[in-house]
Amino acid sequence: MLKRTVLLVLLAFGAPPAFAEGVKGVILDEPSPIAPFTLVDQAGEPFTLEQLKGRWSLIFLGFTHCPDVCPFTLANLGAVRGELSQLVTPEKLPQIVFLAVDPDRDRAVLADYVAHFDLAFVGVTGDRRDIDGLTTSLDGYYSLKKRGEHDKAYDVVHSAAVAFVTPEGSIRAKITPPFQPYNTAAYLYRLMREADPD
Amino acid sequence: MAKYHLMVVLATVTAAVVECGATLASAHDEHGTHAISAGPAEIRDAWSPPSPPGIGTRAVYFTLVNTACAPLKVIGAESLDFAQVSIHESSTRNGIAMMTPATQLTLTAGETVSFAPGGLHLMLMGASRNFHEGEHFRIRLIFDDQDSLVFEATVGGAAAGGNHDHHRQHKDGHPDHPLAETGGS
Ligand SMILES: [Cu+2]
């Protein structure tokens with residue numbers, strides 16, 4: 001288990017109440033390193049731990065056939081990124097990574113899916129073993145609720161949290177819905193500033 | 001580009017609680033020809049987020065108002081454009097997101113319920129085709145007294161539903177073609 005401290009951002013940083021108010025976040029005492037993994041992105045290019053290095057990332061676990069929570073979260077993360085673009089230079093903007101855990105259905109539509117939300121998003125999937133590896137590193141969870149071999153409309157129960165990953169590839173914090181764009185951006189910006197005051 | 005965002009701003013509930021029975025007459029006046037059942041229901045701002053091609057699952061959101069004096073029980077929904085429609089509620093428990101089917105939903109007299117992202121939604125599965133932004137499709141909401149309400153959902157952002165209000169109509173209004181006519185406006 002990851003060692004963690006649950007803190008309201010107000011307590012953690014003594015921020016004024018209007019700043020990052022109401023963001024549900026868990027800041028890890030000690031950033032938790034992500035174990036090496038090999039996945040592929042929506043263009044079929046390899047996506048490994050290396051692709052998490054050198055910039056901040058927001059990683060969200062879901063599936064493309066998710067009609068409610070995933071589109072809602074991705075749209076909100078896009079809006080968070082938009083808010084952050086007011087605060088940091090483009091090269092410091094976190095990349096948004098969608099870990100698609102239902103490859104049987106996700107693979108074929110992943111490129112269109114990601115482009116639909118934001119061309120800057122990265123969608124990654126792969127073999128079950130590799131998906132599970134990253135899921136474990138994220139302290140995440142998912143379960144395919146297939147009701148039989150031919151079930152094509154099954155739900156996937158999955159963690160709602162979004163991991164905020166450092167440019168070194170370690171999880172710094174996990175945030176959970178709602179992802180109010182302005183407040184969430186302020187929350188993330190504080191963590192980025194704390195790690196790199198310039 | 002994000003086709004829609006800031007869905008956190010949920011549909012504004014503008015329903016004024018009307019006196020029991022008051023909408024009966026007005027609904028009849030406005031929408032003319034069909035008989036209105038004893039307990040009108042109203043649907044406002046029905047919309048469905050755009051989705052990439054190839055995904056046959058989608059959610060529909062709206063505001064449902066029970067303008068009647070009696071409780072309103074929704075027991076299901078159907079659409080000619082989808083193999084299956086169910087009432088779902090998304091929730092997050094212990095950090096895990098899941099959808100739970102609701103077999104029925106009861107609104108007390110005058111109650112307004114919001115179907116909104118991250119919560120209650122109609123879940124549509126097995127789309128007959130891809131729907132593009134700005135297109136509409138019809139859904140029938142079914143009540144426990146066998147009565148129902150047909151409405152149109154617009155594919156687009158939260159504002160896409162516009163001001164189209166749909167009022168409940170009596171089942172006898174169009175017995176042969178259950179989804180052939182829209183209710184309300
Ligand atoms: Cu659902």
# chains A, B, ... in the order shown; residues from 1 in each chain; ligands from 1
call {"tool": "residues_around", "arguments": {"residues": "stretch 131-136 of chain A", "least_positions_apart": "4", "cutoff": "8 Å", "atoms": "only C-alpha atoms", "output": "mmCIF file with N, CA and C atoms, in the first residue's frame"}}
result
data_model
loop_
_atom_site.group_PDB
_atom_site.id
_atom_site.type_symbol
_atom_site.label_atom_id
_atom_site.label_comp_id
_atom_site.auth_asym_id
_atom_site.auth_seq_id
_atom_site.Cartn_x
_atom_site.Cartn_y
_atom_site.Cartn_z
ATOM 1 N N ILE A 34 6.576 4.920 -10.306
ATOM 2 C CA ILE A 34 5.832 4.016 -11.182
ATOM 3 C C ILE A 34 6.807 2.984 -11.734
ATOM 4 N N ALA A 35 6.423 1.719 -11.649
ATOM 5 C CA ALA A 35 7.288 0.652 -12.145
ATOM 6 C C ALA A 35 7.310 0.677 -13.669
ATOM 7 N N PHE A 37 6.812 -0.078 -17.495
ATOM 8 C CA PHE A 37 5.696 -0.750 -18.174
ATOM 9 C C PHE A 37 5.852 -0.521 -19.674
ATOM 10 N N LEU A 39 3.346 -0.041 -22.879
ATOM 11 C CA LEU A 39 2.009 0.044 -23.465
ATOM 12 C C LEU A 39 2.150 0.689 -24.843
ATOM 13 N N LEU A 61 -7.706 6.422 -15.468
ATOM 14 C CA LEU A 61 -7.972 5.051 -15.884
ATOM 15 C C LEU A 61 -9.456 4.919 -16.234
ATOM 16 N N LEU A 99 -5.605 5.880 -19.581
ATOM 17 C CA LEU A 99 -5.247 4.463 -19.602
ATOM 18 C C LEU A 99 -6.513 3.656 -19.865
ATOM 19 N N VAL A 101 -8.479 0.468 -20.136
ATOM 20 C CA VAL A 101 -8.280 -0.854 -19.523
ATOM 21 C C VAL A 101 -9.141 -1.958 -20.149
ATOM 22 N N THR A 125 -3.032 1.837 -24.187
ATOM 23 C CA THR A 125 -3.586 0.542 -23.819
ATOM 24 C C THR A 125 -2.526 -0.511 -24.136
ATOM 25 N N GLY A 126 -2.894 -1.754 -24.042
ATOM 26 C CA GLY A 126 -1.907 -2.797 -24.304
ATOM 27 C C GLY A 126 -2.408 -4.142 -23.844
ATOM 28 N N ASP A 127 -1.467 -5.010 -23.539
ATOM 29 C CA ASP A 127 -1.842 -6.340 -23.061
ATOM 30 C C ASP A 127 -2.289 -6.241 -21.606
ATOM 31 N N GLY A 140 -4.495 1.797 -8.546
ATOM 32 C CA GLY A 140 -5.827 1.861 -9.149
ATOM 33 C C GLY A 140 -6.524 0.520 -9.129
ATOM 34 N N TYR A 141 -7.712 0.515 -9.703
ATOM 35 C CA TYR A 141 -8.521 -0.689 -9.708
ATOM 36 C C TYR A 141 -9.460 -0.654 -10.899
#
call {"tool": "residues_near_ligand", "arguments": {"ligand": "ligand 1", "cutoff": "12 Å", "atoms": "only C-alpha atoms and all ligand atoms", "output": "number ranges by chain"}}
result
A: 65-71, 153-157; B: 57-61, 84-91, 97-102, 115-125
call {"tool": "residues_around", "arguments": {"residues": "A:Thr176", "least_positions_apart": "6", "cutoff": "8 Å", "atoms": "only C-alpha atoms", "output": "list of chain:residue names"}}
result
A:Val23, A:Lys24, A:Gly25, A:Ala160, A:Ala161, A:Val162, B:Gly95
call {"tool": "write_last_selection", "arguments": {"atoms": "N, CA, C and O atoms", "output": "PDB file, in the first residue's frame"}}
result
ATOM      1  N   VAL A  23     -11.004  20.985  -3.524  1.00  0.00           N
ATOM      2  CA  VAL A  23     -10.391  19.935  -4.325  1.00  0.00           C
ATOM      3  C   VAL A  23     -10.129  18.742  -3.419  1.00  0.00           C
ATOM      4  O   VAL A  23      -9.534  18.881  -2.363  1.00  0.00           O
ATOM      5  N   LYS A  24     -10.621  17.578  -3.858  1.00  0.00           N
ATOM      6  CA  LYS A  24     -10.393  16.370  -3.061  1.00  0.00           C
ATOM      7  C   LYS A  24      -9.101  15.742  -3.528  1.00  0.00           C
ATOM      8  O   LYS A  24      -9.044  15.134  -4.589  1.00  0.00           O
ATOM      9  N   GLY A  25      -8.079  15.922  -2.729  1.00  0.00           N
ATOM     10  CA  GLY A  25      -6.794  15.403  -3.137  1.00  0.00           C
ATOM     11  C   GLY A  25      -6.105  14.641  -2.020  1.00  0.00           C
ATOM     12  O   GLY A  25      -6.326  14.887  -0.841  1.00  0.00           O
ATOM     13  N   ALA A 160     -11.862   6.114  -9.745  1.00  0.00           N
ATOM     14  CA  ALA A 160     -12.257   7.434 -10.235  1.00  0.00           C
ATOM     15  C   ALA A 160     -11.114   8.435 -10.111  1.00  0.00           C
ATOM     16  O   ALA A 160     -11.182   9.529 -10.651  1.00  0.00           O
ATOM     17  N   ALA A 161     -10.069   8.047  -9.400  1.00  0.00           N
ATOM     18  CA  ALA A 161      -8.993   8.993  -9.098  1.00  0.00           C
ATOM     19  C   ALA A 161      -8.114   9.257 -10.319  1.00  0.00           C
ATOM     20  O   ALA A 161      -7.959   8.416 -11.197  1.00  0.00           O
ATOM     21  N   VAL A 162      -7.553  10.443 -10.352  1.00  0.00           N
ATOM     22  CA  VAL A 162      -6.583  10.820 -11.369  1.00  0.00           C
ATOM     23  C   VAL A 162      -5.238  10.996 -10.665  1.00  0.00           C
ATOM     24  O   VAL A 162      -5.148  11.692  -9.647  1.00  0.00           O
TER      25      VAL A 162
ATOM     26  N   GLY B  95     -13.653   5.563  -3.805  1.00  0.00           N
ATOM     27  CA  GLY B  95     -12.763   5.895  -4.905  1.00  0.00           C
ATOM     28  C   GLY B  95     -12.997   5.095  -6.169  1.00  0.00           C
ATOM     29  O   GLY B  95     -12.267   5.237  -7.140  1.00  0.00           O
TER      30      GLY B  95
END
call {"tool": "closest_residue", "arguments": {"among": "A:Pro94, A:Gly123, A:Pro177, A:Pro197", "to": "chain B", "atoms": "only C-alpha atoms"}}
result
A:Pro177
call {"tool": "select_by_dssp", "arguments": {"residues": "stretch 57-121 of chain A", "states": "strand (DSSP E or B)", "output": "ChimeraX atom specification"}}
result
/A:57-62,95-100
call {"tool": "closest_residue", "arguments": {"among": "B:Gly157, B:Gly76, B:Pro53, B:Pro71", "to": "B:Asn130", "atoms": "only C-alpha atoms"}}
result
B:Pro53
call {"tool": "atom_distance", "arguments": {"atom1": "atom CA of A:Glu149", "atom2": "atom CA of A:Asp130"}}
result
22.5 Å
call {"tool": "closest_residue", "arguments": {"among": "A:Tyr113, A:Phe47, A:Phe121, A:Phe60", "to": "chain B", "atoms": "only C-alpha atoms"}}
result
A:Tyr113
call {"tool": "closest_residue", "arguments": {"among": "A:Ile59, A:Ala185, A:Val88, A:Ala108", "to": "chain B", "atoms": "only C-alpha atoms"}}
result
A:Ala108
call {"tool": "closest_residue", "arguments": {"among": "B:Glu135, B:Gln104, B:Ser114, B:Leu149", "to": "B:Val74", "atoms": "only C-alpha atoms"}}
result
B:Gln104
call {"tool": "decode", "arguments": {"residues": "stretch 134-163 of chain B", "atoms": "N, CA, C and O atoms", "output": "PDB file, in the first residue's frame"}}
result
ATOM      1  N   GLY B 134     -25.649  17.992 -33.108  1.00  0.00           N
ATOM      2  CA  GLY B 134     -26.795  18.708 -33.654  1.00  0.00           C
ATOM      3  C   GLY B 134     -27.950  17.810 -34.066  1.00  0.00           C
ATOM      4  O   GLY B 134     -29.065  18.267 -34.267  1.00  0.00           O
ATOM      5  N   GLU B 135     -27.690  16.498 -34.162  1.00  0.00           N
ATOM      6  CA  GLU B 135     -28.759  15.562 -34.500  1.00  0.00           C
ATOM      7  C   GLU B 135     -29.622  15.276 -33.281  1.00  0.00           C
ATOM      8  O   GLU B 135     -29.213  15.494 -32.147  1.00  0.00           O
ATOM      9  N   HIS B 136     -30.810  14.771 -33.546  1.00  0.00           N
ATOM     10  CA  HIS B 136     -31.727  14.428 -32.464  1.00  0.00           C
ATOM     11  C   HIS B 136     -32.102  12.957 -32.557  1.00  0.00           C
ATOM     12  O   HIS B 136     -32.062  12.385 -33.629  1.00  0.00           O
ATOM     13  N   PHE B 137     -32.487  12.397 -31.457  1.00  0.00           N
ATOM     14  CA  PHE B 137     -33.125  11.082 -31.501  1.00  0.00           C
ATOM     15  C   PHE B 137     -34.191  11.046 -30.425  1.00  0.00           C
ATOM     16  O   PHE B 137     -34.184  11.843 -29.494  1.00  0.00           O
ATOM     17  N   ARG B 138     -35.132  10.126 -30.614  1.00  0.00           N
ATOM     18  CA  ARG B 138     -36.288  10.080 -29.716  1.00  0.00           C
ATOM     19  C   ARG B 138     -36.167   8.983 -28.670  1.00  0.00           C
ATOM     20  O   ARG B 138     -35.669   7.895 -28.946  1.00  0.00           O
ATOM     21  N   ILE B 139     -36.694   9.306 -27.519  1.00  0.00           N
ATOM     22  CA  ILE B 139     -36.686   8.357 -26.412  1.00  0.00           C
ATOM     23  C   ILE B 139     -38.075   8.385 -25.777  1.00  0.00           C
ATOM     24  O   ILE B 139     -38.708   9.437 -25.716  1.00  0.00           O
ATOM     25  N   ARG B 140     -38.528   7.226 -25.361  1.00  0.00           N
ATOM     26  CA  ARG B 140     -39.797   7.182 -24.638  1.00  0.00           C
ATOM     27  C   ARG B 140     -39.511   6.829 -23.177  1.00  0.00           C
ATOM     28  O   ARG B 140     -38.873   5.815 -22.887  1.00  0.00           O
ATOM     29  N   LEU B 141     -39.987   7.671 -22.297  1.00  0.00           N
ATOM     30  CA  LEU B 141     -39.866   7.415 -20.872  1.00  0.00           C
ATOM     31  C   LEU B 141     -41.167   6.749 -20.440  1.00  0.00           C
ATOM     32  O   LEU B 141     -42.253   7.240 -20.752  1.00  0.00           O
ATOM     33  N   ILE B 142     -41.049   5.633 -19.749  1.00  0.00           N
ATOM     34  CA  ILE B 142     -42.242   4.849 -19.421  1.00  0.00           C
ATOM     35  C   ILE B 142     -42.555   4.943 -17.928  1.00  0.00           C
ATOM     36  O   ILE B 142     -41.672   4.804 -17.088  1.00  0.00           O
ATOM     37  N   PHE B 143     -43.821   5.187 -17.632  1.00  0.00           N
ATOM     38  CA  PHE B 143     -44.267   5.320 -16.241  1.00  0.00           C
ATOM     39  C   PHE B 143     -45.003   4.068 -15.791  1.00  0.00           C
ATOM     40  O   PHE B 143     -45.435   3.265 -16.611  1.00  0.00           O
ATOM     41  N   ASP B 144     -45.157   3.954 -14.499  1.00  0.00           N
ATOM     42  CA  ASP B 144     -45.704   2.700 -13.961  1.00  0.00           C
ATOM     43  C   ASP B 144     -47.169   2.482 -14.315  1.00  0.00           C
ATOM     44  O   ASP B 144     -47.657   1.374 -14.252  1.00  0.00           O
ATOM     45  N   ASP B 145     -47.864   3.542 -14.706  1.00  0.00           N
ATOM     46  CA  ASP B 145     -49.283   3.369 -15.059  1.00  0.00           C
ATOM     47  C   ASP B 145     -49.439   3.087 -16.555  1.00  0.00           C
ATOM     48  O   ASP B 145     -50.507   3.280 -17.115  1.00  0.00           O
ATOM     49  N   GLN B 146     -48.363   2.668 -17.187  1.00  0.00           N
ATOM     50  CA  GLN B 146     -48.342   2.339 -18.623  1.00  0.00           C
ATOM     51  C   GLN B 146     -48.362   3.587 -19.492  1.00  0.00           C
ATOM     52  O   GLN B 146     -48.352   3.501 -20.709  1.00  0.00           O
ATOM     53  N   ASP B 147     -48.449   4.724 -18.868  1.00  0.00           N
ATOM     54  CA  ASP B 147     -48.391   5.961 -19.613  1.00  0.00           C
ATOM     55  C   ASP B 147     -46.927   6.217 -19.968  1.00  0.00           C
ATOM     56  O   ASP B 147     -46.032   5.565 -19.412  1.00  0.00           O
ATOM     57  N   SER B 148     -46.678   7.129 -20.887  1.00  0.00           N
ATOM     58  CA  SER B 148     -45.295   7.392 -21.255  1.00  0.00           C
ATOM     59  C   SER B 148     -45.157   8.789 -21.841  1.00  0.00           C
ATOM     60  O   SER B 148     -46.146   9.466 -22.113  1.00  0.00           O
ATOM     61  N   LEU B 149     -43.916   9.181 -22.031  1.00  0.00           N
ATOM     62  CA  LEU B 149     -43.609  10.502 -22.558  1.00  0.00           C
ATOM     63  C   LEU B 149     -42.492  10.363 -23.586  1.00  0.00           C
ATOM     64  O   LEU B 149     -41.431   9.832 -23.286  1.00  0.00           O
ATOM     65  N   VAL B 150     -42.755  10.811 -24.791  1.00  0.00           N
ATOM     66  CA  VAL B 150     -41.727  10.754 -25.831  1.00  0.00           C
ATOM     67  C   VAL B 150     -41.049  12.117 -25.914  1.00  0.00           C
ATOM     68  O   VAL B 150     -41.718  13.144 -25.903  1.00  0.00           O
ATOM     69  N   PHE B 151     -39.733  12.095 -25.941  1.00  0.00           N
ATOM     70  CA  PHE B 151     -39.013  13.368 -26.063  1.00  0.00           C
ATOM     71  C   PHE B 151     -37.815  13.192 -26.985  1.00  0.00           C
ATOM     72  O   PHE B 151     -37.425  12.080 -27.317  1.00  0.00           O
ATOM     73  N   GLU B 152     -37.261  14.315 -27.390  1.00  0.00           N
ATOM     74  CA  GLU B 152     -36.102  14.316 -28.273  1.00  0.00           C
ATOM     75  C   GLU B 152     -34.876  14.781 -27.526  1.00  0.00           C
ATOM     76  O   GLU B 152     -34.936  15.785 -26.808  1.00  0.00           O
ATOM     77  N   ALA B 153     -33.785  14.071 -27.693  1.00  0.00           N
ATOM     78  CA  ALA B 153     -32.516  14.504 -27.113  1.00  0.00           C
ATOM     79  C   ALA B 153     -31.648  15.030 -28.246  1.00  0.00           C
ATOM     80  O   ALA B 153     -31.646  14.470 -29.345  1.00  0.00           O
ATOM     81  N   THR B 154     -30.936  16.103 -27.971  1.00  0.00           N
ATOM     82  CA  THR B 154     -30.060  16.703 -28.973  1.00  0.00           C
ATOM     83  C   THR B 154     -28.618  16.320 -28.676  1.00  0.00           C
ATOM     84  O   THR B 154     -28.175  16.414 -27.533  1.00  0.00           O
ATOM     85  N   VAL B 155     -27.896  15.894 -29.694  1.00  0.00           N
ATOM     86  CA  VAL B 155     -26.485  15.568 -29.512  1.00  0.00           C
ATOM     87  C   VAL B 155     -25.689  16.874 -29.507  1.00  0.00           C
ATOM     88  O   VAL B 155     -25.756  17.651 -30.453  1.00  0.00           O
ATOM     89  N   GLY B 156     -24.997  17.107 -28.413  1.00  0.00           N
ATOM     90  CA  GLY B 156     -24.235  18.348 -28.280  1.00  0.00           C
ATOM     91  C   GLY B 156     -23.904  18.611 -26.830  1.00  0.00           C
ATOM     92  O   GLY B 156     -24.061  17.728 -25.987  1.00  0.00           O
ATOM     93  N   GLY B 157     -23.442  19.792 -26.548  1.00  0.00           N
ATOM     94  CA  GLY B 157     -23.089  20.163 -25.177  1.00  0.00           C
ATOM     95  C   GLY B 157     -24.314  20.373 -24.321  1.00  0.00           C
ATOM     96  O   GLY B 157     -25.441  20.196 -24.788  1.00  0.00           O
ATOM     97  N   ALA B 158     -24.085  20.741 -23.073  1.00  0.00           N
ATOM     98  CA  ALA B 158     -25.183  20.872 -22.121  1.00  0.00           C
ATOM     99  C   ALA B 158     -26.238  21.863 -22.595  1.00  0.00           C
ATOM    100  O   ALA B 158     -27.405  21.743 -22.254  1.00  0.00           O
ATOM    101  N   ALA B 159     -25.829  22.833 -23.407  1.00  0.00           N
ATOM    102  CA  ALA B 159     -26.785  23.838 -23.848  1.00  0.00           C
ATOM    103  C   ALA B 159     -27.617  23.352 -25.025  1.00  0.00           C
ATOM    104  O   ALA B 159     -28.585  23.971 -25.417  1.00  0.00           O
ATOM    105  N   ALA B 160     -27.205  22.192 -25.574  1.00  0.00           N
ATOM    106  CA  ALA B 160     -27.836  21.715 -26.798  1.00  0.00           C
ATOM    107  C   ALA B 160     -29.315  21.407 -26.648  1.00  0.00           C
ATOM    108  O   ALA B 160     -30.066  21.421 -27.609  1.00  0.00           O
ATOM    109  N   GLY B 161     -29.712  21.108 -25.433  1.00  0.00           N
ATOM    110  CA  GLY B 161     -31.111  20.758 -25.218  1.00  0.00           C
ATOM    111  C   GLY B 161     -32.044  21.920 -25.496  1.00  0.00           C
ATOM    112  O   GLY B 161     -33.214  21.740 -25.754  1.00  0.00           O
ATOM    113  N   GLY B 162     -31.493  23.124 -25.435  1.00  0.00           N
ATOM    114  CA  GLY B 162     -32.300  24.309 -25.738  1.00  0.00           C
ATOM    115  C   GLY B 162     -33.474  24.441 -24.805  1.00  0.00           C
ATOM    116  O   GLY B 162     -33.428  24.006 -23.658  1.00  0.00           O
ATOM    117  N   ASN B 163     -34.508  25.028 -25.308  1.00  0.00           N
ATOM    118  CA  ASN B 163     -35.670  25.259 -24.460  1.00  0.00           C
ATOM    119  C   ASN B 163     -36.827  24.351 -24.818  1.00  0.00           C
ATOM    120  O   ASN B 163     -37.969  24.660 -24.566  1.00  0.00           O
TER     121      ASN B 163
END
